[in-house]
Amino acid sequence: MASAPDPETFPLPPLVDHHCHGVVRADLDAAAFEALLTESDAPAAPGTSFFDTQAGFAVRRWCPPLLGLEPHCPPERYLARRRELGAVEATSRLLGGLGIGAFLVDTGLPGELTTPGELAAAAGSATAHEVVRLEQLAERVADDARTTHAFVADLGEAVRAAARSAIAFKSVVGYRHGLDFAPGPPGETEVLAAAAWWLTERPAGGRLADPVLLRHLLWSAVATGLPLQLHTGFGDPDLSLHRCDPLLLTDFIRAVGPTGAPLVLLHGYPYHRNAAYLAAMYPHVHADVGLALTHSGARAEAVLGEVLELAPFGKVLFSTDAYGLPELYTVGVRLFREALAALVARWVTSGAWARDDAERVAALIAADNARRVYGLPAR
């Protein structure tokens, strides 16, 4: 019987975190810290805090030792130590030993967050690349638009210009409309009419939610050939979860197929098996469960195992989707490493997998798939 990999020492290459965000530069009080532990915009249940979640327990397990404390120390002690060290030092300690070799950073969220370069510096020898959020790009163009025709022309140029420096595009059409949009590209007349309405009715700084313009953005991004990340599954209460099932993208996926542009389905949960199915059926579709692992905590192994039931091993990508808290990078990496090692240990021990195959597949998921999809240099 083959020897099982040890979850603590199972070898992985430098990780490619293909979907993540900046972290807060400032020190945080307890309320601000806890708000970043959850996707909810509501208070915790009376008498509890958002530390009383799988994500909160995972933070308390993995992060205190990096700040010189014992695992599972009380939240008050952890937050006090964090303030003693200061945000910069805490971030450096939390990111420095994780083994992330590349960050692909969605820069489309508001707030005083670290830049991609600052993330890479805090992690040590990592590199960083920008993922451009389409909806925010369109909103910036609209702020300066003088006419409808100028807006449409400037938007096309903005997408092409972004493609010259970005590693990928990201869309939150699931938030703004839902994934049940018409699959094909809208015609020019339809786009101009939608743009005229939106520019007229849009309040200052208003968000783009028009389904025609959202489709136009998606197809503009597809035309560049860069990978397109699509939010699917759970998120904050700004979305309607039943409209974020990735299966709703099936006709869009089929329509994009002939272009060869890669589509990356983010998060997925609780539809992660549906995302795995789509990755299995369509060569240009890839799946990721980063946010799902962080929020499922001690159940991360089960969630990752469900994705690996059907998704081809060359189609699954690692990410943390960390945002705001460097702790979420720590938790995302540790849960991923632990879940993956535990799964393959069981499969190797049972004889279902060979040890060499286990190490090769783990390297694909941890880094090599992302390097291929996003055109990063081979390691």
# chains A, B, ... in the order shown; residues from 1 in each chain; ligands from 1
>>> residues_around(residues="Ala120 of chain A", least_positions_apart="2", cutoff="10 Å", atoms="only C-alpha atoms", output="PyMOL selection string")
chain A and resi 95-96+100-103+114-118+122-129
>>> closest_atom_pairs(of="segment 184-273 of chain A", to="segment 279-291 of chain A", cutoff="7 Å", atoms="only C-alpha atoms", output="JSON lines")
{"residue": "A:Gly257", "atom": "CA", "partner": "A:His284", "partner_atom": "CA", "distance": 6.6}
{"residue": "A:Gly260", "atom": "CA", "partner": "A:His284", "partner_atom": "CA", "distance": 6.4}
{"residue": "A:Ala261", "atom": "CA", "partner": "A:His284", "partner_atom": "CA", "distance": 6.7}
{"residue": "A:Pro262", "atom": "CA", "partner": "A:His284", "partner_atom": "CA", "distance": 4.7}
{"residue": "A:Leu263", "atom": "CA", "partner": "A:Val285", "partner_atom": "CA", "distance": 4.9}
{"residue": "A:Val264", "atom": "CA", "partner": "A:His286", "partner_atom": "CA", "distance": 4.7}
{"residue": "A:Leu265", "atom": "CA", "partner": "A:Ala287", "partner_atom": "CA", "distance": 4.9}
{"residue": "A:Leu266", "atom": "CA", "partner": "A:Asp288", "partner_atom": "CA", "distance": 5.2}
{"residue": "A:His267", "atom": "CA", "partner": "A:Val289", "partner_atom": "CA", "distance": 4.5}
{"residue": "A:Gly268", "atom": "CA", "partner": "A:Val289", "partner_atom": "CA", "distance": 6.3}
>>> write_last_selection(atoms="N, CA, C and O atoms", output="compact mmCIF listing (two decimals), in the first residue's frame")
# COMPACT_ATOMS: atom_id res chain seq x y z
N GLY A 257 -17.71 29.79 -26.57
CA GLY A 257 -16.82 28.70 -26.93
C GLY A 257 -15.99 28.93 -28.17
O GLY A 257 -14.75 28.76 -28.14
N GLY A 260 -12.68 30.96 -27.93
CA GLY A 260 -11.55 30.44 -27.18
C GLY A 260 -11.21 31.19 -25.92
O GLY A 260 -10.28 30.83 -25.20
N ALA A 261 -11.95 32.25 -25.61
CA ALA A 261 -11.66 33.03 -24.40
C ALA A 261 -11.96 32.20 -23.16
O ALA A 261 -13.04 31.63 -23.03
N PRO A 262 -11.03 32.11 -22.21
CA PRO A 262 -11.28 31.32 -20.99
C PRO A 262 -12.30 32.01 -20.08
O PRO A 262 -12.26 33.23 -19.90
N LEU A 263 -13.20 31.22 -19.53
CA LEU A 263 -14.15 31.68 -18.53
C LEU A 263 -13.83 30.98 -17.21
O LEU A 263 -13.66 29.76 -17.17
N VAL A 264 -13.74 31.76 -16.14
CA VAL A 264 -13.40 31.21 -14.82
C VAL A 264 -14.57 31.47 -13.88
O VAL A 264 -14.91 32.64 -13.61
N LEU A 265 -15.20 30.42 -13.39
CA LEU A 265 -16.36 30.52 -12.51
C LEU A 265 -15.87 30.58 -11.07
O LEU A 265 -15.32 29.61 -10.55
N LEU A 266 -16.08 31.73 -10.44
CA LEU A 266 -15.57 31.96 -9.09
C LEU A 266 -16.55 31.48 -8.03
O LEU A 266 -17.77 31.54 -8.21
N HIS A 267 -16.03 31.03 -6.91
CA HIS A 267 -16.77 30.76 -5.67
C HIS A 267 -17.69 29.54 -5.78
O HIS A 267 -17.41 28.50 -5.20
N GLY A 268 -18.83 29.73 -6.48
CA GLY A 268 -19.70 28.60 -6.76
C GLY A 268 -20.67 28.21 -5.66
O GLY A 268 -21.83 27.94 -5.94
>>> atom_distance(atom1="atom CA of Gly324 of chain A", atom2="atom CA of Val24 of chain A")
4.9 Å
>>> select_by_dssp(residues="segment 17-108 of chain A", states="strand (DSSP E or B)", output="list in words")
Asp17, His18, His19, Cys20, Val23, Val24, Ile100, Gly101, Ala102, Phe103, Leu104, Val105 and Asp106 of chain A
>>> select_by_dssp(residues="segment 109-163 of chain A", states="alpha helix (DSSP H)", output="PyMOL selection string")
chain A and resi 116-123+134-143+148-163
>>> residues_around(residues="segment 233-244 of chain A", least_positions_apart="5", cutoff="12 Å", atoms="only C-alpha atoms", output="JSON, numbers by chain")
{"A": [35, 36, 37, 38, 39, 40, 41, 42, 172, 173, 174, 175, 176, 177, 178, 179, 180, 181, 209, 249, 265, 266, 267, 268, 269, 270, 271, 272, 273, 274, 275, 287, 288, 289, 290, 291, 292, 295, 321]}
>>> atom_distance(atom1="atom CA of Trp62 of chain A", atom2="atom CA of Phe336 of chain A")
12.4 Å
>>> closest_residue(among="A:Gly97, A:Val16, A:Val361, A:Phe51", to="Glu76 of chain A", atoms="only C-alpha atoms")
A:Phe51
>>> decode(residues="segment 77-130 of chain A", atoms="C-alpha atoms", output="PDB file, in the first residue's frame")
ATOM      1  CA  ARG A  77      -6.590  38.982  23.029  1.00  0.00           C
ATOM      2  CA  TYR A  78      -5.973  38.437  19.338  1.00  0.00           C
ATOM      3  CA  LEU A  79      -7.268  41.868  18.361  1.00  0.00           C
ATOM      4  CA  ALA A  80      -5.284  43.531  21.144  1.00  0.00           C
ATOM      5  CA  ARG A  81      -2.086  41.871  19.899  1.00  0.00           C
ATOM      6  CA  ARG A  82      -2.906  42.932  16.370  1.00  0.00           C
ATOM      7  CA  ARG A  83      -3.195  46.554  17.494  1.00  0.00           C
ATOM      8  CA  GLU A  84       0.070  46.271  19.434  1.00  0.00           C
ATOM      9  CA  LEU A  85       1.889  45.224  16.279  1.00  0.00           C
ATOM     10  CA  GLY A  86       0.087  47.643  13.963  1.00  0.00           C
ATOM     11  CA  ALA A  87      -1.529  46.891  10.622  1.00  0.00           C
ATOM     12  CA  VAL A  88       1.682  46.906   8.568  1.00  0.00           C
ATOM     13  CA  GLU A  89       3.558  44.459  10.808  1.00  0.00           C
ATOM     14  CA  ALA A  90       0.520  42.208  11.264  1.00  0.00           C
ATOM     15  CA  THR A  91      -0.015  42.053   7.504  1.00  0.00           C
ATOM     16  CA  SER A  92       3.628  41.204   6.910  1.00  0.00           C
ATOM     17  CA  ARG A  93       3.546  38.387   9.473  1.00  0.00           C
ATOM     18  CA  LEU A  94       0.277  36.978   8.160  1.00  0.00           C
ATOM     19  CA  LEU A  95       1.294  36.998   4.482  1.00  0.00           C
ATOM     20  CA  GLY A  96       5.019  36.393   4.702  1.00  0.00           C
ATOM     21  CA  GLY A  97       5.179  32.632   5.117  1.00  0.00           C
ATOM     22  CA  LEU A  98       2.150  31.476   3.154  1.00  0.00           C
ATOM     23  CA  GLY A  99       3.967  30.392   0.019  1.00  0.00           C
ATOM     24  CA  ILE A 100       1.966  32.560  -2.395  1.00  0.00           C
ATOM     25  CA  GLY A 101       4.109  33.182  -5.457  1.00  0.00           C
ATOM     26  CA  ALA A 102       1.672  35.322  -7.447  1.00  0.00           C
ATOM     27  CA  PHE A 103      -1.373  37.443  -6.620  1.00  0.00           C
ATOM     28  CA  LEU A 104      -3.990  38.176  -9.289  1.00  0.00           C
ATOM     29  CA  VAL A 105      -5.751  41.111  -7.693  1.00  0.00           C
ATOM     30  CA  ASP A 106      -9.249  42.391  -8.451  1.00  0.00           C
ATOM     31  CA  THR A 107      -8.801  46.126  -7.892  1.00  0.00           C
ATOM     32  CA  GLY A 108     -12.470  47.006  -8.312  1.00  0.00           C
ATOM     33  CA  LEU A 109     -13.508  47.222  -4.656  1.00  0.00           C
ATOM     34  CA  PRO A 110     -13.704  50.569  -2.828  1.00  0.00           C
ATOM     35  CA  GLY A 111     -11.768  51.604   0.254  1.00  0.00           C
ATOM     36  CA  GLU A 112      -8.218  52.283   1.355  1.00  0.00           C
ATOM     37  CA  LEU A 113      -6.830  48.910   0.349  1.00  0.00           C
ATOM     38  CA  THR A 114      -3.329  47.777  -0.463  1.00  0.00           C
ATOM     39  CA  THR A 115      -2.309  47.794  -4.097  1.00  0.00           C
ATOM     40  CA  PRO A 116      -1.234  44.632  -5.907  1.00  0.00           C
ATOM     41  CA  GLY A 117       2.370  45.712  -5.493  1.00  0.00           C
ATOM     42  CA  GLU A 118       1.956  46.243  -1.764  1.00  0.00           C
ATOM     43  CA  LEU A 119       0.465  42.768  -1.379  1.00  0.00           C
ATOM     44  CA  ALA A 120       3.394  41.231  -3.208  1.00  0.00           C
ATOM     45  CA  ALA A 121       5.879  43.180  -1.081  1.00  0.00           C
ATOM     46  CA  ALA A 122       4.213  42.060   2.144  1.00  0.00           C
ATOM     47  CA  ALA A 123       4.376  38.440   0.992  1.00  0.00           C
ATOM     48  CA  GLY A 124       8.083  38.617   0.187  1.00  0.00           C
ATOM     49  CA  SER A 125       9.158  37.355  -3.212  1.00  0.00           C
ATOM     50  CA  ALA A 126       5.714  37.216  -4.844  1.00  0.00           C
ATOM     51  CA  THR A 127       4.617  38.928  -8.042  1.00  0.00           C
ATOM     52  CA  ALA A 128       1.285  40.706  -8.548  1.00  0.00           C
ATOM     53  CA  HIS A 129      -1.015  41.323 -11.498  1.00  0.00           C
ATOM     54  CA  GLU A 130      -4.204  43.357 -11.896  1.00  0.00           C
TER      55      GLU A 130
END
